Structure formats: structure tokens, C-alpha cells
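What's in entry-v7.cif: mmCIF, C-alpha atoms and all ligand atoms
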data_query
#
loop_
_atom_site.label_atom_id
_atom_site.label_comp_id
_atom_site.auth_asym_id
_atom_site.auth_seq_id
_atom_site.Cartn_x
_atom_site.Cartn_y
_atom_site.Cartn_z
CA MET A 1 -15.31 -2.86 18.14
CA GLU A 2 -18.72 -4.62 18.09
CA LEU A 3 -21.39 -2.15 16.91
CA ALA A 4 -24.19 -4.72 17.11
CA PRO A 5 -24.21 -8.54 17.39
CA GLY A 6 -22.10 -9.80 14.46
CA LEU A 7 -21.22 -6.30 13.24
CA ILE A 8 -17.54 -5.66 13.92
CA TRP A 9 -15.71 -2.46 13.04
CA HIS A 10 -11.91 -2.46 12.61
CA PRO A 11 -10.88 1.24 12.34
CA ALA A 12 -7.57 1.73 10.44
CA TYR A 13 -7.23 -1.99 9.64
CA PHE A 14 -5.07 -1.11 6.62
CA SER A 15 -2.00 1.13 6.98
CA ARG A 16 -1.50 4.08 4.63
CA ASP A 17 1.08 2.07 2.64
CA GLU A 18 -1.34 -0.84 2.30
CA GLN A 19 -4.15 1.52 1.23
CA GLU A 20 -1.90 2.97 -1.48
CA ALA A 21 -0.95 -0.52 -2.66
CA LEU A 22 -4.62 -1.54 -2.72
CA VAL A 23 -5.57 1.54 -4.78
CA ALA A 24 -2.78 0.65 -7.27
CA GLN A 25 -4.20 -2.90 -7.52
CA LEU A 26 -7.68 -1.46 -8.06
CA ARG A 27 -6.44 0.77 -10.90
CA ASP A 28 -5.42 -2.43 -12.72
CA CYS A 29 -8.87 -3.93 -12.05
CA VAL A 30 -10.65 -0.87 -13.45
CA ARG A 31 -8.47 -0.95 -16.58
CA GLN A 32 -9.63 -4.51 -17.23
CA ALA A 33 -13.21 -4.03 -16.01
CA PRO A 34 -14.31 -0.40 -16.47
CA LEU A 35 -16.69 1.26 -14.00
CA PHE A 36 -20.35 1.03 -15.06
CA THR A 37 -23.50 2.74 -13.77
CA PRO A 38 -25.99 0.20 -12.41
CA ARG A 39 -29.72 0.87 -12.82
CA MET A 40 -32.66 0.01 -10.60
CA PRO A 41 -34.84 -2.94 -11.55
CA ARG A 42 -38.12 -1.92 -13.28
CA THR A 43 -37.69 1.90 -12.99
CA GLY A 44 -34.27 2.02 -14.69
CA LYS A 45 -33.20 4.86 -12.39
CA ALA A 46 -29.40 5.19 -12.35
CA PHE A 47 -27.45 4.60 -9.12
CA SER A 48 -25.33 7.60 -8.11
CA VAL A 49 -22.52 5.13 -7.33
CA GLN A 50 -20.42 3.65 -10.15
CA MET A 51 -19.35 0.04 -9.86
CA THR A 52 -17.15 -2.74 -11.08
CA ASN A 53 -16.20 -6.15 -9.68
CA CYS A 54 -13.33 -8.58 -9.22
CA GLY A 55 -13.50 -12.31 -8.63
CA PRO A 56 -15.36 -15.21 -10.28
CA LEU A 57 -18.75 -13.47 -9.83
CA GLY A 58 -19.78 -9.81 -9.98
CA TRP A 59 -22.90 -8.04 -8.74
CA VAL A 60 -24.75 -6.13 -11.48
CA SER A 61 -28.17 -4.52 -11.89
CA ASP A 62 -30.17 -3.19 -14.82
CA GLN A 63 -33.76 -2.33 -15.63
CA ALA A 64 -34.60 -5.49 -17.55
CA ARG A 65 -32.97 -8.20 -15.43
CA GLY A 66 -32.61 -6.64 -11.96
CA TYR A 67 -30.06 -7.48 -9.28
CA ARG A 68 -27.90 -10.53 -9.93
CA TYR A 69 -24.44 -12.03 -9.87
CA GLN A 70 -22.78 -12.94 -13.16
CA ALA A 71 -19.34 -14.06 -14.35
CA ASP A 72 -18.91 -11.37 -17.02
CA HIS A 73 -18.85 -7.58 -17.28
CA PRO A 74 -22.28 -6.23 -18.37
CA GLU A 75 -20.76 -3.94 -21.05
CA THR A 76 -17.55 -5.62 -22.26
CA GLY A 77 -18.62 -9.25 -21.70
CA ALA A 78 -15.13 -9.99 -20.33
CA PRO A 79 -14.57 -12.11 -17.19
CA TRP A 80 -13.94 -10.07 -14.03
CA PRO A 81 -10.28 -9.64 -12.97
CA LYS A 82 -8.83 -11.46 -9.94
CA ILE A 83 -9.57 -10.15 -6.44
CA PRO A 84 -6.54 -8.04 -5.30
CA ASP A 85 -4.31 -9.86 -2.78
CA LEU A 86 -4.65 -7.13 -0.18
CA ALA A 87 -8.45 -7.30 -0.31
CA LEU A 88 -8.32 -11.09 0.05
CA ARG A 89 -6.28 -10.65 3.19
CA ALA A 90 -9.21 -8.91 4.91
CA TRP A 91 -11.37 -11.99 4.21
CA GLU A 92 -9.41 -13.75 6.99
CA LEU A 93 -11.60 -11.76 9.40
CA ALA A 94 -14.61 -13.66 8.05
CA GLY A 95 -13.36 -16.99 9.44
CA TYR A 96 -15.36 -18.66 6.66
CA GLN A 97 -14.52 -22.09 5.22
CA ALA A 98 -14.38 -20.92 1.59
CA PRO A 99 -12.95 -17.94 -0.31
CA PRO A 100 -15.04 -14.96 -1.40
CA GLU A 101 -16.47 -15.14 -4.93
CA ALA A 102 -17.30 -11.48 -5.44
CA CYS A 103 -15.48 -8.27 -4.66
CA LEU A 104 -17.86 -5.44 -5.52
CA VAL A 105 -16.04 -2.15 -6.06
CA ASN A 106 -18.26 0.91 -5.41
CA PHE A 107 -16.97 4.32 -6.45
CA TYR A 108 -18.62 7.36 -4.81
CA ASN A 109 -18.02 10.87 -6.11
CA ALA A 110 -18.61 13.76 -3.68
CA GLN A 111 -22.40 13.73 -4.29
CA ALA A 112 -23.01 9.99 -4.40
CA LYS A 113 -24.96 8.07 -1.78
CA MET A 114 -26.62 4.70 -1.34
CA GLY A 115 -30.13 4.28 0.01
CA LEU A 116 -31.01 1.91 2.84
CA HIS A 117 -31.08 -1.68 1.61
CA GLN A 118 -30.28 -5.25 2.61
CA ASP A 119 -27.66 -7.45 0.93
CA ARG A 120 -29.66 -10.58 0.18
CA ASP A 121 -28.75 -11.66 -3.34
CA GLU A 122 -26.32 -14.28 -2.00
CA ALA A 123 -27.27 -17.94 -1.45
CA ALA A 124 -24.51 -18.19 1.19
CA LEU A 125 -26.22 -16.01 3.82
CA ASP A 126 -24.22 -17.85 6.49
CA ALA A 127 -21.07 -16.08 5.20
CA PRO A 128 -20.33 -12.58 6.46
CA VAL A 129 -19.75 -9.61 4.18
CA VAL A 130 -16.38 -7.85 4.56
CA SER A 131 -16.34 -4.13 3.70
CA ILE A 132 -13.18 -2.07 3.05
CA SER A 133 -13.36 1.77 2.89
CA LEU A 134 -10.79 3.87 0.98
CA GLY A 135 -10.61 7.63 0.41
CA ASP A 136 -12.98 10.22 1.83
CA THR A 137 -14.86 9.55 5.08
CA CYS A 138 -18.58 8.78 4.73
CA LEU A 139 -21.58 8.83 7.02
CA PHE A 140 -22.82 5.28 7.16
CA ARG A 141 -26.20 4.28 8.59
CA PHE A 142 -27.37 0.86 9.73
CA GLY A 143 -30.48 -0.44 11.41
CA GLY A 144 -32.20 -3.78 11.97
CA GLU A 145 -33.83 -6.39 9.79
CA GLU A 146 -36.93 -4.25 9.12
CA ARG A 147 -36.74 -1.18 6.91
CA ASN A 148 -38.30 0.93 9.68
CA SER A 149 -36.09 -0.38 12.53
CA PRO A 150 -34.26 2.41 14.41
CA THR A 151 -30.86 3.26 12.88
CA LYS A 152 -27.43 4.34 14.12
CA SER A 153 -24.80 6.27 12.19
CA ILE A 154 -21.03 5.92 12.12
CA LYS A 155 -18.31 7.63 10.09
CA LEU A 156 -16.25 5.18 8.05
CA ALA A 157 -12.76 6.41 7.21
CA SER A 158 -10.04 5.29 4.79
CA GLY A 159 -8.54 1.96 5.81
CA ASP A 160 -11.49 0.91 7.98
CA VAL A 161 -12.85 -2.61 7.61
CA VAL A 162 -16.32 -3.72 8.73
CA LEU A 163 -17.34 -7.35 9.16
CA ILE A 164 -21.10 -7.85 8.76
CA GLY A 165 -22.14 -11.31 9.89
CA GLY A 166 -24.23 -13.32 12.29
CA ALA A 167 -27.33 -11.50 13.55
CA SER A 168 -26.39 -8.38 11.54
CA ARG A 169 -26.02 -10.06 8.13
CA LEU A 170 -29.46 -8.91 6.94
CA CYS A 171 -29.45 -5.45 8.54
CA PHE A 172 -30.64 -2.51 6.48
CA HIS A 173 -27.74 -0.13 5.73
CA GLY A 174 -26.77 2.72 3.46
CA VAL A 175 -24.42 5.64 2.86
CA ASP A 176 -26.00 9.05 3.59
CA ARG A 177 -23.15 11.31 2.50
CA LEU A 178 -19.45 11.80 1.85
CA TYR A 179 -17.17 14.29 3.55
CA ALA A 180 -15.21 15.49 0.53
CA GLY A 181 -11.57 16.34 1.13
CA THR A 182 -11.17 14.31 4.35
CA SER A 183 -8.59 11.95 2.77
CA THR A 184 -5.53 12.47 0.57
CA LEU A 185 -5.46 8.85 -0.62
CA LEU A 186 -7.19 9.50 -3.95
CA SER A 187 -6.18 12.41 -6.19
CA ASP A 188 -9.77 13.75 -6.35
CA ALA A 189 -12.64 13.79 -3.89
CA GLY A 190 -14.32 10.41 -3.66
CA ARG A 191 -14.60 7.15 -1.85
CA ILE A 192 -14.07 3.55 -2.85
CA ASN A 193 -15.78 0.74 -0.99
CA LEU A 194 -14.94 -2.90 -1.57
CA THR A 195 -17.34 -5.59 -0.39
CA LEU A 196 -16.11 -9.16 -0.34
CA ARG A 197 -18.86 -11.76 -0.49
CA ARG A 198 -19.39 -15.47 -0.71
CA VAL A 199 -22.27 -15.93 -3.17
CA THR A 200 -22.80 -19.69 -3.59
CA GLN A 201 -22.88 -22.33 -0.87
CA PRO A 202 -19.46 -23.99 -0.70
CA SER A 203 -19.34 -27.63 -1.83
CA VAL A 204 -19.35 -30.24 0.95
CA LEU A 205 -15.92 -31.30 -0.34
CA GLY A 206 -14.58 -28.00 0.99
CA ALA A 207 -11.80 -25.58 0.04
CA SER A 208 -13.22 -23.54 -2.86
C1 LIG B 301 -24.55 -3.74 6.85
N1 LIG B 301 -22.01 -0.79 0.24
O1 LIG B 301 -22.43 -2.41 -1.90
S1 LIG B 301 -20.31 -1.60 2.76
C2 LIG B 301 -23.23 -2.48 -0.95
O2 LIG B 301 -20.05 1.65 1.76
C3 LIG B 301 -23.07 -1.56 0.21
O3 LIG B 301 -20.41 1.13 -0.32
C4 LIG B 301 -21.81 0.17 1.28
O4 LIG B 301 -23.89 -1.53 1.05
C5 LIG B 301 -20.66 1.04 0.89
O5 LIG B 301 -24.15 -3.29 -0.88
C6 LIG B 301 -21.62 -0.45 2.60
C7 LIG B 301 -21.02 -2.97 3.59
C8 LIG B 301 -21.56 -2.73 4.95
C9 LIG B 301 -20.87 -2.01 5.90
C10 LIG B 301 -21.38 -1.86 7.19
C11 LIG B 301 -22.62 -2.44 7.52
C12 LIG B 301 -22.78 -3.27 5.26
C13 LIG B 301 -23.32 -3.15 6.53
C14 LIG B 301 -23.18 -2.32 8.80
C15 LIG B 301 -24.41 -2.90 9.09
C16 LIG B 301 -25.09 -3.62 8.11
FE FE B 302 -25.10 -3.24 0.96
#
Target format C-alpha cells, applied to this file:
Amino acid sequence: MELAPGLIWHPAYFSRDEQEALVAQLRDCVRQAPLFTPRMPRTGKAFSVQMTNCGPLGWVSDQARGYRYQADHPETGAPWPKIPDLALRAWELAGYQAPPEACLVNFYNAQAKMGLHQDRDEAALDAPVVSISLGDTCLFRFGGEERNSPTKSIKLASGDVVLIGGASRLCFHGVDRLYAGTSTLLSDAGRINLTLRRVTQPSVLGAS
């Protein structure tokens, strides 16, 4: 379902069995790369979302150095674990000539939200972003390329995948709220969102 040019929603892309397998793969990731609390550049205000990453590069943010991608965990210094196979499968929707480099894992508790923002820390802005939702349903809001463009809201449920590319790649978006208790996938209230991203421009020699 095309929500806007380049913004394609695949409700229930992953079956319940696949969602359970993906959560099991993510538990291994979090054991190797514990969740951390990112902080806003300059102000140091904590995000309400906790994060970790998989893949060669991970997105991190802190007061001193701001938003960036780096190859190691900001607290343990260890390399990020591999991107789970099931998450990589959703990258096929991207139809991009190179694999994703970052799989950002956002964990929302019942109170967490994410303010309106653009994803623009990637050099490869020609590559779409692929988003996978797991656990409780959330109210997701997206608009246009200006912060004050009019917005629309949709509810993203467990197993949904959203492809954000083309004319929608730089749209403002955010998560207004969770609907706690709408999914039985996770043992407690909460939501996990995975975003798969290409960060660097692929080499002209292709493949990776
Ligand atoms: C853009 N995460 O980590 S998924 C982020 O649900 C982030 O955790 C959100 O924004 C989350 O940067 C959203 C990506 C997404 C999904 C739908 C969109 C981005 C979108 C629709 C329009 C524009
Ligand atoms: Fe985003």
C-alpha cells in the first residue's frame, strides 16, 4: 500500500512464527551489544527510546559528538553483531544494489516516543530505509520535507514493514505513542523497531 510517493506499507509482512524467530535473533544481538540510551547533541537530553545496532555500522548519539555512524558500541567498544537473517530478508524490498550497513534496533517501553525528525545522517540518500515493527502497535506520524508540512498518522502493528524511499526518503516522521498490550509477541509491554539502512555510497565495483 503506497501511503505517499516512495512510501510503501506492507502490513503483516512477517508471520507470527517469523516474528518470534526474529525476536530470538534479536535477543542474541542484545546479549552481544547491550541497549544504550542515546542523548541529544549539545543539550545531552536522554532519548526515551533505548537502542542498539547490528551490522558493520551503528547509529549512535551523545552530547559531545552528536549523531553519527560508527563501527563499535559506544559503551563496550565491541564491534556490532551481524544483522539477523530475517531482517536482511526484508531488505529485498529495497531493490538496492548493495546490502544494508546498519540495522538500528529501537526499543520503546510503554511511555517512549520519538519526536518528528528526518533520517539524513546517511551518505547513500538514494537508498531507501526499511523499517520492521515488532510488539505493541504504535501511532506513527509522517509529513513532508519541511518540519511544518501537514502530517498523516498510521498505526504500525507487529510484523509490518515500511519501505521509505524515493520522494519520501527525507520526510519528517516520528512515533507519537504506543498502545500497550496490543501484542503478545514480547513478554512485557513494548515495541521494537528495526531500521535497515545503507550508510555509505556503494563502490562502483558493486556487490558490497
Ligand atoms: C519516514 N524510527 O530510528 S521507522 C528512526 O518506529 C525512526 O522506531 C521509527 O524513525 C520507529 O530513525 C520509524 C522508519 C520509518 C517508518 C515510516 C516512515 C520512517 C518513515 C514513513 C515516512 C517517513
Ligand atoms: Fe527516523
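Nearest to Ser203 (chain A) of all the residues A:Leu125, A:Gly166, A:Asn106, A:Gln97 is A:Gln97, counting all atoms listed in the file.
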Determine the axis-aligned bounding box of all atoms of ligand LIG 301 (chain B) present in the file, pad each side by 6 Å, and express its centre and edge lengths in Å to one decimal place as AutoDock Vina command-line options.
--center_x -22.6 --center_y -1.0 --center_z 3.6 --size_x 17.0 --size_y 17.4 --size_z 23.0
task: Would you list the contacts of His73 (chain A) as JSON, numbers by chain, taking every protein, DNA or RNA residue within 10 Å and counting all atoms listed in the file, but skipping same-chain residues closer than 6 positions in sequence?
output: {"A": [32, 33, 34, 35, 36, 52, 53, 54, 57, 58, 59, 60, 79, 80, 81]}
Keeping C-alpha atoms for every residue in the selection just given, could you write it to a file as a PDB file, keeping the file's coordinate frame?
ATOM      1  CA  GLN A  32      -9.630  -4.510 -17.230  1.00  0.00           C
ATOM      2  CA  ALA A  33     -13.210  -4.030 -16.010  1.00  0.00           C
ATOM      3  CA  PRO A  34     -14.310  -0.400 -16.470  1.00  0.00           C
ATOM      4  CA  LEU A  35     -16.690   1.260 -14.000  1.00  0.00           C
ATOM      5  CA  PHE A  36     -20.350   1.030 -15.060  1.00  0.00           C
ATOM      6  CA  THR A  52     -17.150  -2.740 -11.080  1.00  0.00           C
ATOM      7  CA  ASN A  53     -16.200  -6.150  -9.680  1.00  0.00           C
ATOM      8  CA  CYS A  54     -13.330  -8.580  -9.220  1.00  0.00           C
ATOM      9  CA  LEU A  57     -18.750 -13.470  -9.830  1.00  0.00           C
ATOM     10  CA  GLY A  58     -19.780  -9.810  -9.980  1.00  0.00           C
ATOM     11  CA  TRP A  59     -22.900  -8.040  -8.740  1.00  0.00           C
ATOM     12  CA  VAL A  60     -24.750  -6.130 -11.480  1.00  0.00           C
ATOM     13  CA  PRO A  79     -14.570 -12.110 -17.190  1.00  0.00           C
ATOM     14  CA  TRP A  80     -13.940 -10.070 -14.030  1.00  0.00           C
ATOM     15  CA  PRO A  81     -10.280  -9.640 -12.970  1.00  0.00           C
TER      16      PRO A  81
END
query: Within 7 Å of ligand LIG 301 (chain B), counting all atoms listed in the file, which protein or nucleic acid residues do you find, written as a list of chain:residue names?
result: A:Leu7, A:Leu104, A:Asn106, A:Asp119, A:Val129, A:Val130, A:Ser131, A:Ser133, A:Phe142, A:Gly143, A:Val162, A:Ile164, A:Ser168, A:Arg169, A:Leu170, A:Cys171, A:Phe172, A:His173, A:Gly174, A:Val175, A:Asn193, A:Leu194, A:Thr195
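Nearest to Pro56 (chain A) of all the residues A:Thr137, A:Thr43, A:Ser208, A:Asn109 is A:Ser208, based on all atoms listed in the file.
Taking all atoms listed in the file, the non-local environment of Tyr179 (chain A) within 10 Å (same-chain residues fewer than 5 positions away omitted) comprises Ala110, Gln111, Gly135, Asp136, Thr137, Cys138, Leu139, Lys155, Ala157, Ala189, Gly190 and Arg191 of chain A.
Nearest to Gly165 (chain A) of all the residues A:Phe140, A:Tyr67, A:Phe107, A:Tyr96 is A:Tyr96, counting only C-alpha atoms.
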message: So that I can see what lies close to Ala98 (chain A), please list as a list in words the residues with an atom at most 12 Å from it, counting only C-alpha atoms and leaving out residues fewer than 5 positions away in the same chain.
response: Leu88, Trp91, Glu92, Ala124, Asp126, Ala127, Pro128, Arg197, Arg198, Val199, Thr200, Gln201, Pro202, Ser203, Val204, Leu205, Gly206, Ala207 and Ser208 of chain A
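CA of Phe14 (chain A) is found 6.9 Å from CA of Asp160 (chain A).
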message: Could you tell me how far CA of Asp62 (chain A) sits from CA of Thr37 (chain A), in Å to one decimal place?
response: 9.0 Å
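Among the candidates A:Ala90, A:Leu3, A:Leu134, A:Val30, the one nearest to Gln50 (chain A) when counting only C-alpha atoms is A:Val30.
One finds CA of Met1 (chain A) at 25.3 Å from CA of Tyr108 (chain A).
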message: When you look at Met114 (chain A) with a cut-off of 8 Å (counting all atoms listed in the file), what residues show up, excluding the ones that are within fewer than 2 positions of it in the same chain? I need them as a list of chain:residue names.
response: A:Phe47, A:Ser48, A:Val49, A:Ala112, A:Leu116, A:Gly174, A:Val175, A:Asp176
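Counting only C-alpha atoms and comparing A:Cys103, A:Ala46, A:Leu185, A:Ala167, the residue that lies closest to Ala87 (chain A) is A:Cys103.
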query: Which is closest to ligand FE 302 (chain B) among A:Thr184, A:Gly115, A:Asp28, A:Val161, if we use all atoms listed in the file?
result: A:Gly115
task: Could you please give me, as a list in words, the residues of protein, DNA or RNA lying at most 12 Å from (-0.7, 2.2, 0.7) in the coordinate frame of the file, considering all atoms listed in the file?
output: Ala12, Tyr13, Phe14, Ser15, Arg16, Asp17, Glu18, Gln19, Glu20, Ala21, Leu22, Val23, Ala24, Gln25, Leu26, Leu86, Leu134, Gly135, Ser158, Gly159, Thr184, Leu185 and Leu186 of chain A
